[in-house]
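Report on the following structure.
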Amino acid sequence: MKVAAIIPVKTFSNAKTRLHLPPNKVEELCKIMLEEILQVLSISPKIEKIILITKEKKAIEIGKKFNTIIIIDEKEESVNHAVSLADKYLLENNFNASIVFPQDIPNIKTQDIDFMLKYQMHPNFVIIIPSRKFDGTNALVRMPIDIMKTHYDDNSYRNHMITAKEHTLNVAMVFVKRIMLDIDNLEDLELLLKLNEKPDLNEKIKKILN
């Protein structure tokens with residue numbers, strides 16, 4: 001089974017406004033988080049290819065280090081539009097399933113992907129991992145890739161659950177703490193540092209914040 005990871009990446013200067021950090025610190029944080037998730041996905045035996053959808057030049061440079069497929073999203077309309085661009089590529093290249101991840105879940109580990117995908121039980125299925133506040137979607141597995149459209153940016157977890165159930169009976173909600181922690185504000189960042197799942201990553205982030 002050919003599984004691809006999809007990661008939409010906003011222009012760094014437009015990202016993470018709720019962190020209330022200087023632009024240079026936000027950019028460095030975005031770069032570190034993207035590199036971390038790409039590193040994890042690149043060594044996962046479950047993921048055959050990583051698709052990066054972005055127009056951010058620094059993200060493209062990072063993506064090339066991990067042999068990702070780069071799709072340029074000049075319009076940067078929405079996450080849903082970015083995912084649709086990746087869907088088109090994957091369908092044309094005979095991929096069976098996709099997993100949409102945000103770029104800001106740096107605690108993710110390869111075993112989390114293994115755990116999530118063990119719930120695959122049927123040719124038509126959707127797996128959803130919510131954000132820790134249950135308002136967003138931090139991982140969305142779709143098989144086939146076009147089983148449903150995505151609904152990011154507006155209580156996406158709830159909307160994805162509703163939409164998935166309209167298309168298949170095989171819908172699983174899975175809790176993976178490391179994936180559920182996305183970094184949107186300083187509270188999230190403080191929790192990331194407190195958990196200290198990845199000491200080396202934590203040190204890099206502390207240097208940025210100091």
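The chains in the structure tokens are called A, B, ... from first to last as shown; in each chain the residues are counted from 1, and the ligands are counted from 1 in the order shown.
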Alpha helix (DSSP H) positions in chain A, given as a VMD selection string
chain A and resid 23 to 42 57 to 65 79 to 92 110 to 117 156 to 167 177 to 180 186 to 195 199 to 209
Can you list every residue of stretch 160-194 of chain A that has an atom at most 12 Å from stretch 23-27 of chain A, with its nearest atom pair and the distance in Å to one decimal, using only C-alpha atoms, ordered by chain then number, as CSV?
```
residue,atom,partner,partner_atom,distance
A:Ile183,CA,A:Val26,CA,11.2
A:Asp184,CA,A:Val26,CA,11.0
A:Asn185,CA,A:Val26,CA,11.1
A:Leu186,CA,A:Val26,CA,11.6
A:Leu189,CA,A:Val26,CA,11.9
```
Output C-alpha atoms for every residue in the selection just made, as a PDB file, in the first residue's frame.
```
ATOM      1  CA  ILE A 183       2.137  24.865  18.783  1.00  0.00           C
ATOM      2  CA  ASP A 184      -0.254  27.771  18.330  1.00  0.00           C
ATOM      3  CA  ASN A 185       0.451  29.976  21.347  1.00  0.00           C
ATOM      4  CA  LEU A 186       2.875  30.437  24.232  1.00  0.00           C
ATOM      5  CA  LEU A 189       5.144  26.155  23.683  1.00  0.00           C
TER       6      LEU A 189
END
```
Residues near stretch 33-35 of chain A, anyone? I mean within 12 Å using only C-alpha atoms, not counting same-chain ones fewer than 2 positions away, as a ChimeraX atom specification.
/A:7-10,12,16,26-31,37-42,52,54,56,58-66,68,101-108,182-184,189,192,198,201-202,204-205
Prev. selection, C-alpha atoms, output as a compact mmCIF listing (two decimals), in the first residue's frame:
```txt
# COMPACT_ATOMS: atom_id res chain seq x y z
CA ILE A 7 2.17 18.85 4.88
CA PRO A 8 0.77 22.27 3.95
CA VAL A 9 3.13 25.06 5.02
CA LYS A 10 2.16 28.73 5.25
CA PHE A 12 6.54 31.79 7.70
CA LYS A 16 1.98 31.72 14.27
CA VAL A 26 8.69 32.91 14.56
CA GLU A 27 10.60 32.09 11.38
CA GLU A 28 13.28 30.16 13.26
CA LEU A 29 10.64 28.27 15.22
CA CYS A 30 8.75 27.36 12.04
CA LYS A 31 11.96 26.11 10.43
CA ILE A 37 8.46 16.50 11.42
CA LEU A 38 10.16 15.92 8.07
CA GLN A 39 12.98 14.08 9.81
CA VAL A 40 10.48 11.77 11.56
CA LEU A 41 8.37 11.13 8.47
CA SER A 42 11.43 10.51 6.30
CA LEU A 52 5.12 19.61 0.87
CA THR A 54 4.09 25.77 0.07
CA GLU A 56 7.85 29.61 1.39
CA LYS A 58 12.97 28.45 3.30
CA ALA A 59 10.46 25.59 3.64
CA ILE A 60 11.31 24.46 0.12
CA GLU A 61 15.03 24.42 1.01
CA ILE A 62 14.30 22.27 4.07
CA GLY A 63 12.00 19.98 2.09
CA LYS A 64 14.69 19.27 -0.50
CA LYS A 65 16.97 17.90 2.24
CA PHE A 66 14.42 15.18 2.90
CA THR A 68 10.08 15.61 -0.50
CA PHE A 101 -0.22 16.63 9.11
CA PRO A 102 0.31 20.23 10.21
CA GLN A 103 3.91 21.40 10.38
CA ASP A 104 3.67 22.37 14.06
CA ILE A 105 3.58 19.00 15.86
CA PRO A 106 7.30 18.64 16.60
CA ASN A 107 6.89 15.99 19.33
CA ILE A 108 5.76 13.38 16.78
CA ASP A 182 0.37 21.59 18.12
CA ILE A 183 2.14 24.86 18.78
CA ASP A 184 -0.25 27.77 18.33
CA LEU A 189 5.14 26.16 23.68
CA LEU A 192 6.16 21.35 24.85
CA LYS A 198 12.88 15.53 22.72
CA LEU A 201 14.69 19.89 20.16
CA ASN A 202 13.87 21.64 23.41
CA LYS A 204 17.03 24.51 20.07
CA ILE A 205 13.70 26.12 20.97
```
Pick from A:Asn14, A:Met173, A:Ala4, A:Pro130: nearest to A:Leu90, with only C-alpha atoms counted?
A:Ala4
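The residue that comes closest to A:Met180, out of A:His160, A:Lys133, A:Lys207, A:Lys149 and on the basis of only C-alpha atoms, is A:Lys133.
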Surrounding residues of A:Ala5 excluding itself and chain neighbours under 6 positions, 8 Å, only C-alpha atoms, as a ChimeraX atom specification
/A:41,47,49-51,98-101
Output N, CA and C atoms for every residue in that selection, as a PDB file, in the first residue's frame.
```
ATOM      1  N   LEU A  41       9.105  11.771   9.564  1.00  0.00           N
ATOM      2  CA  LEU A  41       8.374  11.131   8.467  1.00  0.00           C
ATOM      3  C   LEU A  41       9.317  10.459   7.480  1.00  0.00           C
ATOM      4  N   ILE A  47       5.621   5.484   5.554  1.00  0.00           N
ATOM      5  CA  ILE A  47       5.432   6.612   4.644  1.00  0.00           C
ATOM      6  C   ILE A  47       6.341   6.453   3.425  1.00  0.00           C
ATOM      7  N   LYS A  49       6.224   8.569   0.642  1.00  0.00           N
ATOM      8  CA  LYS A  49       6.609   9.862   0.087  1.00  0.00           C
ATOM      9  C   LYS A  49       5.997  10.985   0.923  1.00  0.00           C
ATOM     10  N   ILE A  50       6.710  12.105   0.993  1.00  0.00           N
ATOM     11  CA  ILE A  50       6.218  13.294   1.696  1.00  0.00           C
ATOM     12  C   ILE A  50       5.937  14.370   0.659  1.00  0.00           C
ATOM     13  N   ILE A  51       4.750  14.959   0.749  1.00  0.00           N
ATOM     14  CA  ILE A  51       4.352  16.032  -0.167  1.00  0.00           C
ATOM     15  C   ILE A  51       4.293  17.328   0.628  1.00  0.00           C
ATOM     16  N   SER A  98      -3.456   8.748   2.182  1.00  0.00           N
ATOM     17  CA  SER A  98      -2.673   9.931   2.565  1.00  0.00           C
ATOM     18  C   SER A  98      -2.905  10.259   4.031  1.00  0.00           C
ATOM     19  N   ILE A  99      -1.931  10.929   4.615  1.00  0.00           N
ATOM     20  CA  ILE A  99      -2.074  11.443   5.979  1.00  0.00           C
ATOM     21  C   ILE A  99      -1.721  12.924   5.934  1.00  0.00           C
ATOM     22  N   VAL A 100      -2.672  13.764   6.297  1.00  0.00           N
ATOM     23  CA  VAL A 100      -2.413  15.201   6.352  1.00  0.00           C
ATOM     24  C   VAL A 100      -1.934  15.552   7.762  1.00  0.00           C
ATOM     25  N   PHE A 101      -0.775  16.158   7.840  1.00  0.00           N
ATOM     26  CA  PHE A 101      -0.224  16.626   9.107  1.00  0.00           C
ATOM     27  C   PHE A 101      -0.018  18.140   9.037  1.00  0.00           C
TER      28      PHE A 101
END
```
One decimal, in Å: what's the spacing between atom CA of A:Ile147 and atom CA of A:Val79?
17.4 Å
What does the distance from atom CA of A:Ile53 to atom CA of A:Glu76 come to in Å, to one decimal?
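Going from atom CA of A:Ile53 over to atom CA of A:Glu76, I get 9.1 Å.
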Of A:Val171, A:Ile179, A:Ile162, A:Leu117, the one nearest to A:Thr137 when counting only C-alpha atoms is A:Ile179
